[in-house]
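Colleague: Let me begin by handing over the structure; questions about it come next.
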Amino acid sequence: MKEKSKRGNFTSSFGFVLAAAGSAIGLGNLWKFPYIAGESGGGVFMVFYLVFILILGVPFIMSETAIGRKTQLSTIGAYRSINPKWTFAGIIGVVCAFFILSYYSVVGGWILKYITVFFTSGHTTAAAPGYFASFTANPVEPVVWHLVFMAFCTVVVLFGVEKGIEKGSKIMLPALFVLIVIVAVRSLTLGGNAMEGVKFLFIPDFSQLDSPAKVANVAVQAMGQVFFSLSIGMGISITYGSYLKKDSNLVKNSFIIGGLDTLVALLAGLAIMPAVFAFGFEPAAGPSLIFETLPAVFDSMPLGNLFAVIFFILVFFAAATSAIALLEVVSSFFIDSLGWKRSVATISTASVMALIGVFASLSFGPLKDATLFGMGFFDFLSYLTDKILMPLGALAMCLFVGYSWKPKSAAEELAIGRGGFRAVGLYSALMRFVAPALVIIIFVAGLINK
């Protein structure tokens, strides 16, 4: 019973939706989605992505929030309370969240740096060739910005569920939507070849899929992006679901969360691709799209500095809401299971993450020649979480729902607050057969593509 005492709660379903959507809407939407779409054929990728949001993303959110609300416990305690043999599934989620934030906050620090550069030095500085590589190789400055980003997230989590996470989400997420719409409108009105960017993103060219290998590659990329974007397999939805009251409509909320996450990804595409095409840049620029290509785009754009500041502020909001959720997943374990005070749990876990993040940051500079399994430390953490822990956590969750807790029991929890749940057969088939098969494909593809 100790795990259930003195727990916070979201004050409303609206607050939960904003917090949960904020946890999903992160760098996966604003950094990874545009370049993955660019590398994977634009419109063709979009078709696969939307399909997998429906058959994978939404059912997974429903399942994780149902586990959390049913038990009113954090990730590890939730699995343990239903079936102690599945405690390992919760451990995977917490460990995954821990290591993700350790390097994610490094990227958050880069975002803060770019905001200050655009404020103080202008877009020409950030657009200079080699600027990003020079900055990340610096042994001190990226570390400082990483620690600043981590400190911001720690302060929010210290205030708890209602006064910290919920209140912060109610400010940052609406602000993010306003800012991304402003940037998207500006991008769409650039003229030139801007509309080619829209066509590239939304009109699928199926002639690109001229071999089974290409079809498989785009499908795997789309599935992987759904997992990364919705933060599946790391216990966030379980943790946030545990703070929900019984009158919340989990099914409706899950569709809203998936819809908001997809909407931001589409708006990110509209904010970036038309501008990239308008000024003749490469849509398949890869991970450097935000930090190297976009500064050059802003440098070519009238009022580019203003829109660069707006864009990187919204990226900061997206990164922060996700980072806050990751920190809460880990902190809540120590609060619920070990009885730690929130202040002790949050500061302790954040400090260890920050220390690991220092080494991740230095792997671009002084420690660039130090490798683990042939990868720099930052890339190793990314590979460990994205390709191994996240798919394993997701696989464990859907097998747990499909064969231990059983879809019927999950459906009974999903029915609370909405007057019934009629799609039990479809839900059962997805969680028992379709989802595990697709997750295994993602896992194997990730190992092969290393």
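Order determines the names: the first chain of the structure tokens is A, the second B, and so forth; residues in each chain are numbered 1 upward, and ligands are numbered 1 upward as they are shown.
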List every residue of region 273-366 of chain A that has an atom at most 10 Å from any atom of region 71-84 of chain A, giving for each one its closest atom pair and the distance in Å to one decimal, counting only C-alpha atoms, sorted by chain and then by ascending residue number, as a tab-separated table.
Modeller:
```
residue	atom	partner	partner_atom	distance
A:Glu328	CA	A:Ser74	CA	9.5
A:Val329	CA	A:Thr75	CA	7.2
A:Val330	CA	A:Thr75	CA	8.8
A:Ser331	CA	A:Ser74	CA	9.3
A:Ser332	CA	A:Ser74	CA	5.9
A:Phe333	CA	A:Ser74	CA	5.8
A:Phe334	CA	A:Ser74	CA	9.2
A:Ile335	CA	A:Ser74	CA	8.9
A:Asp336	CA	A:Ser74	CA	6.7
A:Ser337	CA	A:Gly77	CA	6.8
```
Colleague: Those same residues, written as a compact mmCIF listing (two decimals), in the first residue's frame with N, CA, C and O atoms?
Modeller:
```txt
# COMPACT_ATOMS: atom_id res chain seq x y z
N GLU A 328 10.10 12.06 -14.98
CA GLU A 328 9.03 11.64 -14.07
C GLU A 328 8.92 10.12 -14.01
O GLU A 328 8.65 9.54 -12.95
N VAL A 329 9.13 9.43 -15.15
CA VAL A 329 9.07 7.96 -15.16
C VAL A 329 10.08 7.39 -14.18
O VAL A 329 9.76 6.49 -13.37
N VAL A 330 11.30 7.89 -14.22
CA VAL A 330 12.35 7.35 -13.36
C VAL A 330 12.14 7.80 -11.91
O VAL A 330 12.23 6.99 -10.98
N SER A 331 11.84 9.07 -11.71
CA SER A 331 11.65 9.58 -10.35
C SER A 331 10.49 8.89 -9.65
O SER A 331 10.56 8.59 -8.45
N SER A 332 9.40 8.65 -10.40
CA SER A 332 8.20 8.06 -9.78
C SER A 332 8.47 6.66 -9.24
O SER A 332 7.83 6.22 -8.28
N PHE A 333 9.41 5.94 -9.86
CA PHE A 333 9.76 4.62 -9.33
C PHE A 333 10.33 4.74 -7.91
O PHE A 333 9.92 4.02 -7.00
N PHE A 334 11.25 5.67 -7.71
CA PHE A 334 11.86 5.83 -6.40
C PHE A 334 10.86 6.42 -5.39
O PHE A 334 10.90 6.09 -4.21
N ILE A 335 9.94 7.26 -5.89
CA ILE A 335 8.93 7.84 -5.00
C ILE A 335 7.94 6.78 -4.55
O ILE A 335 7.63 6.65 -3.35
N ASP A 336 7.43 6.01 -5.51
CA ASP A 336 6.38 5.02 -5.20
C ASP A 336 6.93 3.76 -4.54
O ASP A 336 6.42 3.30 -3.52
N SER A 337 7.95 3.18 -5.13
CA SER A 337 8.41 1.87 -4.69
C SER A 337 9.35 1.92 -3.49
O SER A 337 9.34 1.02 -2.65
```
Colleague: What's around region 113-119 of chain A at 8 Å? Count only C-alpha atoms, leave out sequence neighbours fewer than 2 positions away in its own chain, and write the answer as a ChimeraX atom specification.
Modeller: /A:109-111,121-123,125-126,142,145,305,308-309,312-313
Colleague: Give me, as a PyMOL selection string, all polymer residues having an atom no more than 12 Å from region 209-222 of chain A, counting only C-alpha atoms and skipping those fewer than 3 positions away in the same chain.
Modeller: chain A and resi 28+32-53+56-57+204-206+225-229+387+438-446+448-449
Colleague: Could you tell me which of A:Ala20, A:Val148, A:Val276, A:Val143 comes closest to Ser242 (chain A) if we count only C-alpha atoms?
Modeller: A:Ala20
Colleague: Report as a compact mmCIF listing (two decimals) with N, CA and C atoms, in the first residue's frame all protein, DNA and RNA residues lying within 12 Å of Leu314 (chain A), evaluated on only C-alpha atoms, omitting residues in the same chain fewer than 6 positions from it.
Modeller:
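Result went into part25.txt, see below:
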```txt
# COMPACT_ATOMS: atom_id res chain seq x y z
N GLY A 22 2.20 16.22 -24.72
CA GLY A 22 3.49 16.88 -24.62
C GLY A 22 4.63 15.89 -24.47
N ILE A 25 5.02 14.56 -28.00
CA ILE A 25 5.47 15.57 -28.96
C ILE A 25 6.84 16.08 -28.52
N GLY A 26 7.85 15.63 -29.18
CA GLY A 26 9.20 16.02 -28.81
C GLY A 26 10.08 16.14 -30.03
N LEU A 27 11.35 15.84 -29.85
CA LEU A 27 12.30 15.93 -30.96
C LEU A 27 11.96 14.91 -32.05
N ASN A 29 9.14 14.53 -33.35
CA ASN A 29 8.26 15.22 -34.30
C ASN A 29 8.98 16.32 -35.07
N LEU A 30 9.74 17.13 -34.35
CA LEU A 30 10.30 18.33 -34.96
C LEU A 30 11.70 18.15 -35.51
N TRP A 31 12.41 17.15 -35.06
CA TRP A 31 13.76 16.90 -35.56
C TRP A 31 13.77 15.65 -36.43
N GLY A 108 18.80 18.83 -26.12
CA GLY A 108 18.07 19.96 -25.55
C GLY A 108 18.99 21.14 -25.32
N ILE A 111 19.69 22.97 -28.50
CA ILE A 111 18.57 23.84 -28.87
C ILE A 111 18.65 25.17 -28.13
N LEU A 112 18.93 25.11 -26.83
CA LEU A 112 19.08 26.35 -26.06
C LEU A 112 20.21 27.21 -26.61
N ILE A 115 19.01 29.02 -29.73
CA ILE A 115 18.12 30.14 -29.40
C ILE A 115 18.94 31.36 -29.04
N ILE A 171 1.03 25.40 -20.39
CA ILE A 171 1.68 26.59 -20.94
C ILE A 171 2.44 26.25 -22.21
N MET A 172 3.29 25.22 -22.14
CA MET A 172 4.21 24.94 -23.23
C MET A 172 3.54 24.36 -24.47
N LEU A 173 2.56 23.46 -24.29
CA LEU A 173 1.99 22.80 -25.46
C LEU A 173 1.16 23.77 -26.32
N PRO A 174 0.25 24.57 -25.73
CA PRO A 174 -0.45 25.56 -26.57
C PRO A 174 0.51 26.54 -27.23
N ALA A 175 1.55 26.95 -26.51
CA ALA A 175 2.55 27.86 -27.09
C ALA A 175 3.24 27.19 -28.27
N LEU A 176 3.53 25.91 -28.14
CA LEU A 176 4.16 25.17 -29.23
C LEU A 176 3.28 25.18 -30.47
N PHE A 177 1.97 24.93 -30.30
CA PHE A 177 1.07 24.91 -31.45
C PHE A 177 1.01 26.28 -32.14
N VAL A 178 0.92 27.33 -31.36
CA VAL A 178 0.86 28.68 -31.94
C VAL A 178 2.14 28.97 -32.74
N LEU A 179 3.28 28.66 -32.16
CA LEU A 179 4.55 28.96 -32.80
C LEU A 179 4.76 28.14 -34.07
N ILE A 180 4.39 26.86 -34.02
CA ILE A 180 4.62 26.03 -35.20
C ILE A 180 3.69 26.42 -36.35
N VAL A 181 2.49 26.89 -36.02
CA VAL A 181 1.59 27.38 -37.07
C VAL A 181 2.17 28.63 -37.72
N ILE A 182 2.74 29.52 -36.91
CA ILE A 182 3.35 30.74 -37.44
C ILE A 182 4.48 30.39 -38.41
N VAL A 183 5.35 29.47 -38.02
CA VAL A 183 6.48 29.10 -38.88
C VAL A 183 5.98 28.38 -40.14
N ALA A 184 4.96 27.51 -39.99
CA ALA A 184 4.43 26.80 -41.14
C ALA A 184 3.82 27.76 -42.15
N VAL A 264 1.24 17.66 -35.00
CA VAL A 264 2.48 18.41 -34.84
C VAL A 264 3.54 17.91 -35.82
N LEU A 267 2.63 19.43 -39.13
CA LEU A 267 2.94 20.86 -39.12
C LEU A 267 4.45 21.08 -39.19
N ALA A 268 5.21 20.20 -38.53
CA ALA A 268 6.67 20.30 -38.62
C ALA A 268 7.13 20.11 -40.06
N ALA A 271 6.37 23.19 -41.86
CA ALA A 271 7.24 24.28 -41.45
C ALA A 271 8.61 24.17 -42.09
N PHE A 307 12.10 34.28 -37.46
CA PHE A 307 11.47 32.97 -37.58
C PHE A 307 12.38 31.86 -37.06
N ALA A 308 13.68 32.08 -37.10
CA ALA A 308 14.60 31.11 -36.52
C ALA A 308 14.42 31.06 -35.00
N ALA A 320 11.42 19.85 -24.08
CA ALA A 320 11.26 19.94 -22.63
C ALA A 320 10.10 19.10 -22.13
N THR A 321 8.95 19.13 -22.82
CA THR A 321 7.79 18.35 -22.35
C THR A 321 8.09 16.86 -22.37
```
Colleague: Any idea what the distance is between CA of Tyr104 (chain A) and CA of Gly365 (chain A)?
Modeller: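 CA of Gly365 (chain A) lies at a distance of 17.2 Å from CA of Tyr104 (chain A).
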Colleague: List every residue of region 112-168 of chain A that DSSP, applied to the backbone, labels as helix (DSSP H, G or I), and write the result as a VMD selection string.
Modeller: chain A and resid 112 to 120 123 to 127 131 to 137 141 to 158 160 to 168
Colleague: List the spatial neighbours of Arg69 (chain A) as a PyMOL selection string - criterion: any atom at most 7 Å away, only C-alpha atoms, same-chain residues fewer than 4 positions off excluded.
Modeller: chain A and resi 65+241-244
Colleague: Tell me, in Å to one decimal, how far CA of Ala435 (chain A) is from CA of Glu64 (chain A).
Modeller: 13.6 Å
Colleague: For Glu413 (chain A), which of A:Lys199, A:Lys85, A:Lys170, A:Lys245 is the closest residue, counting only C-alpha atoms?
Modeller: A:Lys245
